[in-house]
Amino acid sequence: MDYYNLAIKRESTRSFKKRPISNRQLTELQNYLPSCRKLFPEIHTDITILGADAAALLNGVVGYFGLMIEAPHYLLVSSAPHDYAMENAGFMGEDLVLKLTELEVESCWITIQNPLEVKNRLNLAEDLVPMALVAFGNATVMLPSSRLDIKSVSDVSIKERTGFIAPKLAVSYAVRSGDWTDSEELEALPLRSGLYSALIAACCAPSYLNLQPYRFILDSETLSLVCLPDDQTAPDDARLNAGIVMLHYAGVMEKYYASPNGWVMGAPAGKDYKLPDGAWIAGHYQIKMH
């Protein structure tokens with residue numbers, strides 16, 4: 001897949017037509033599932049395609065601001081327990097979202113509010129826990145330059161789009177160098193370089209409520225993903241966010257540069273970046289640019 005252009009193209013859609021996607025699109029998606037990318041291939045996972053009846057079945061235990069998004073199809077990523085199961089699920093789920101984008105199918109991440117109840121209602125295997133849910137289908141035709149804006153179950157409206165479809169980070173604002181107190185000299189990065197392209201893709205990654213509570217520290221040839229404290233983003237959602245960002249960045253970087261290990265969880269050994277209170281490093285990615 002062309003991760004760079006798909007990362008820029010993807011949008012979150014919260015209003016879907018009832019009509020299912022075409023058999024061709026569904027077959028291509030099903031054929032892709034076994035090759036879906038994983039952050040940790042050794043973690044036992046399962047990807048299930050659910051139908052429109054999942055909306056009623058899961059109502060009250062999943063939803064966006066507590067509101068279930070009705071769609072003709074859903075993707076459920078389940079995982080065996082693991083320290084990094086949530087990051088892995090975000091990585092996998094976003095890879096599938098970009099595949100849907102490639103197939104011209106719209107999608108939307110849905111928050112799982114009660115994983116245990118989802119497990120019970122779907123009769124999942126004993127060793128699996130639901131980690132991520134994505135609604136997908138054909139978007140409802142709305143007014144030009146508009147989007148469905150959901151603030152709560154009782155506050156749903158159509159809002160005119162301005163600028164980006166959703167708030168996104170500017171690379172110049174998102175990247176620091178050396179430690180948290182320094183801003184990266186982005187002028188030193190060629191705008192057409194693979195690294196700059198990967199940073200753009202990472203800054204286009206979706207996050208819970210589109211708050212983008214993450215930044216990057218570029219230290220020589222090592223990039224660290226910093227997660228910032230946020231009152232509205234629960235710890236599991238922050239870890240899911242991290243996995244999504246990691247997929248966007250790695251998908252583009254691998255086209256240009258080799259990495260000895262890809263994403264390594266946690267901070268680089270021996271580094272103190274003077275992070276603000278409550279911030280933490282989800283992982284780091286080392287490249288060989290020369």
# chains A, B, ... in the order shown; residues from 1 in each chain; ligands from 1
call {"tool": "residues_around", "arguments": {"residues": "Gln212 in chain A", "least_positions_apart": "5", "cutoff": "10 Å", "atoms": "only C-alpha atoms", "output": "PyMOL selection string"}}
result
chain A and resi 167-169+174+203-207+227-228+230+233+238+241+245
call {"tool": "residues_around", "arguments": {"residues": "Thr181 in chain A", "least_positions_apart": "6", "cutoff": "12 Å", "atoms": "only C-alpha atoms", "output": "PDB file with all heavy atoms, in the first residue's frame"}}
result
ATOM      1  N   VAL A 175       7.439  18.271  16.398  1.00  0.00           N
ATOM      2  CA  VAL A 175       8.751  17.632  16.543  1.00  0.00           C
ATOM      3  C   VAL A 175       9.689  18.488  17.386  1.00  0.00           C
ATOM      4  O   VAL A 175       9.826  19.692  17.168  1.00  0.00           O
ATOM      5  CB  VAL A 175       9.379  17.374  15.154  1.00  0.00           C
ATOM      6  CG1 VAL A 175      10.735  16.690  15.301  1.00  0.00           C
ATOM      7  CG2 VAL A 175       8.450  16.504  14.308  1.00  0.00           C
ATOM      8  N   ILE A 217      10.239  13.382  19.479  1.00  0.00           N
ATOM      9  CA  ILE A 217      11.588  13.897  19.714  1.00  0.00           C
ATOM     10  C   ILE A 217      12.515  13.227  18.716  1.00  0.00           C
ATOM     11  O   ILE A 217      12.615  11.997  18.681  1.00  0.00           O
ATOM     12  CB  ILE A 217      12.062  13.616  21.157  1.00  0.00           C
ATOM     13  CG1 ILE A 217      11.226  14.436  22.147  1.00  0.00           C
ATOM     14  CG2 ILE A 217      13.547  13.954  21.307  1.00  0.00           C
ATOM     15  CD1 ILE A 217      11.587  14.185  23.599  1.00  0.00           C
ATOM     16  N   ASP A 272      17.472  11.003  28.702  1.00  0.00           N
ATOM     17  CA  ASP A 272      16.602  11.812  29.551  1.00  0.00           C
ATOM     18  C   ASP A 272      16.206  13.050  28.757  1.00  0.00           C
ATOM     19  O   ASP A 272      17.011  13.971  28.574  1.00  0.00           O
ATOM     20  CB  ASP A 272      17.323  12.200  30.840  1.00  0.00           C
ATOM     21  CG  ASP A 272      16.458  13.088  31.732  1.00  0.00           C
ATOM     22  OD1 ASP A 272      15.244  13.193  31.458  1.00  0.00           O
ATOM     23  OD2 ASP A 272      16.996  13.681  32.681  1.00  0.00           O
ATOM     24  N   TYR A 273      14.985  13.075  28.286  1.00  0.00           N
ATOM     25  CA  TYR A 273      14.546  14.157  27.404  1.00  0.00           C
ATOM     26  C   TYR A 273      13.805  15.275  28.144  1.00  0.00           C
ATOM     27  O   TYR A 273      13.205  16.135  27.507  1.00  0.00           O
ATOM     28  CB  TYR A 273      13.657  13.590  26.299  1.00  0.00           C
ATOM     29  CG  TYR A 273      14.419  12.735  25.309  1.00  0.00           C
ATOM     30  CD1 TYR A 273      13.994  11.441  25.012  1.00  0.00           C
ATOM     31  CD2 TYR A 273      15.551  13.213  24.668  1.00  0.00           C
ATOM     32  CE1 TYR A 273      14.682  10.644  24.090  1.00  0.00           C
ATOM     33  CE2 TYR A 273      16.243  12.435  23.745  1.00  0.00           C
ATOM     34  CZ  TYR A 273      15.799  11.149  23.460  1.00  0.00           C
ATOM     35  OH  TYR A 273      16.489  10.376  22.550  1.00  0.00           O
ATOM     36  N   LYS A 274      13.820  15.242  29.474  1.00  0.00           N
ATOM     37  CA  LYS A 274      13.193  16.309  30.272  1.00  0.00           C
ATOM     38  C   LYS A 274      11.734  16.523  29.879  1.00  0.00           C
ATOM     39  O   LYS A 274      11.294  17.644  29.605  1.00  0.00           O
ATOM     40  CB  LYS A 274      13.983  17.624  30.136  1.00  0.00           C
ATOM     41  CG  LYS A 274      15.431  17.519  30.604  1.00  0.00           C
ATOM     42  CD  LYS A 274      16.147  18.858  30.449  1.00  0.00           C
ATOM     43  CE  LYS A 274      17.579  18.773  30.977  1.00  0.00           C
ATOM     44  NZ  LYS A 274      18.414  17.815  30.220  1.00  0.00           N
ATOM     45  N   LEU A 275      10.979  15.441  29.864  1.00  0.00           N
ATOM     46  CA  LEU A 275       9.574  15.493  29.467  1.00  0.00           C
ATOM     47  C   LEU A 275       8.746  16.227  30.512  1.00  0.00           C
ATOM     48  O   LEU A 275       9.087  16.232  31.705  1.00  0.00           O
ATOM     49  CB  LEU A 275       9.020  14.081  29.282  1.00  0.00           C
ATOM     50  CG  LEU A 275       9.683  13.198  28.230  1.00  0.00           C
ATOM     51  CD1 LEU A 275       8.976  11.846  28.175  1.00  0.00           C
ATOM     52  CD2 LEU A 275       9.688  13.859  26.867  1.00  0.00           C
ATOM     53  N   PRO A 276       7.626  16.832  30.094  1.00  0.00           N
ATOM     54  CA  PRO A 276       6.737  17.471  31.077  1.00  0.00           C
ATOM     55  C   PRO A 276       6.094  16.421  31.977  1.00  0.00           C
ATOM     56  O   PRO A 276       6.042  15.233  31.640  1.00  0.00           O
ATOM     57  CB  PRO A 276       5.706  18.185  30.190  1.00  0.00           C
ATOM     58  CG  PRO A 276       5.748  17.469  28.886  1.00  0.00           C
ATOM     59  CD  PRO A 276       7.165  17.011  28.705  1.00  0.00           C
TER      60      PRO A 276
END
call {"tool": "closest_residue", "arguments": {"among": "A:Leu39, A:Ala71, A:Val105, A:Ala135", "to": "Arg10 in chain A", "atoms": "only C-alpha atoms"}}
result
A:Val105
call {"tool": "residues_around", "arguments": {"residues": "Asn114 in chain A", "least_positions_apart": "5", "cutoff": "10 Å", "atoms": "only C-alpha atoms", "output": "number ranges by chain"}}
result
A: 58, 60-62, 119, 130
call {"tool": "select_by_dssp", "arguments": {"residues": "range 5-71 of chain A", "states": "strand (DSSP E or B)", "output": "ChimeraX atom specification"}}
result
/A:12,16,45-51,59,62-64,67
call {"tool": "write_last_selection", "arguments": {"atoms": "C-alpha atoms", "output": "PDB file, in the first residue's frame"}}
result
ATOM      1  CA  SER A  12     -13.322   9.479   9.710  1.00  0.00           C
ATOM      2  CA  PHE A  16     -23.056   5.488   6.776  1.00  0.00           C
ATOM      3  CA  THR A  45      -4.934 -11.972  17.694  1.00  0.00           C
ATOM      4  CA  ASP A  46      -8.169 -12.375  15.777  1.00  0.00           C
ATOM      5  CA  ILE A  47      -9.899 -10.077  13.271  1.00  0.00           C
ATOM      6  CA  THR A  48     -13.649 -10.514  12.851  1.00  0.00           C
ATOM      7  CA  ILE A  49     -15.951  -8.832  10.328  1.00  0.00           C
ATOM      8  CA  LEU A  50     -19.345  -8.118  11.904  1.00  0.00           C
ATOM      9  CA  GLY A  51     -22.555  -7.166  10.138  1.00  0.00           C
ATOM     10  CA  ASN A  59     -25.306  -0.667  21.853  1.00  0.00           C
ATOM     11  CA  VAL A  62     -19.319   0.713  22.595  1.00  0.00           C
ATOM     12  CA  GLY A  63     -19.759   4.110  21.006  1.00  0.00           C
ATOM     13  CA  TYR A  64     -18.456   7.541  20.113  1.00  0.00           C
ATOM     14  CA  LEU A  67     -23.390   7.010  20.840  1.00  0.00           C
TER      15      LEU A  67
END
call {"tool": "select_by_dssp", "arguments": {"residues": "range 43-283 of chain A", "states": "alpha helix (DSSP H)", "output": "MDAnalysis selection string"}}
result
chainID A and resid 54:57 85:102 115:122 171:174 194:203 235:256
call {"tool": "residues_around", "arguments": {"residues": "Arg14 in chain A", "least_positions_apart": "5", "cutoff": "8 Å", "atoms": "only C-alpha atoms", "output": "ChimeraX atom specification"}}
result
/A:69,107-108,139,148
call {"tool": "closest_residue", "arguments": {"among": "A:Asp179, A:Asp237, A:Asp219, A:Glu104", "to": "Leu133 in chain A", "atoms": "only C-alpha atoms"}}
result
A:Asp237
call {"tool": "residues_around", "arguments": {"residues": "range 193-198 of chain A", "least_positions_apart": "6", "cutoff": "7 Å", "atoms": "only C-alpha atoms", "output": "compact mmCIF listing (two decimals) with C-alpha atoms, in the first residue's frame"}}
result
# COMPACT_ATOMS: atom_id res chain seq x y z
CA TYR A 4 1.88 8.18 2.68
CA TYR A 249 5.22 6.42 10.59
CA VAL A 252 6.19 5.39 5.17
CA MET A 253 9.70 5.05 6.64
CA TYR A 256 12.95 4.80 2.24
call {"tool": "residues_around", "arguments": {"residues": "Asp83 in chain A", "least_positions_apart": "5", "cutoff": "12 Å", "atoms": "only C-alpha atoms", "output": "PyMOL selection string"}}
result
chain A and resi 40+43+88-89+236+239+265-266
call {"tool": "closest_residue", "arguments": {"among": "A:Ala54, A:Ala242, A:Ile21, A:Leu6", "to": "Pro213 in chain A", "atoms": "only C-alpha atoms"}}
result
A:Ala242
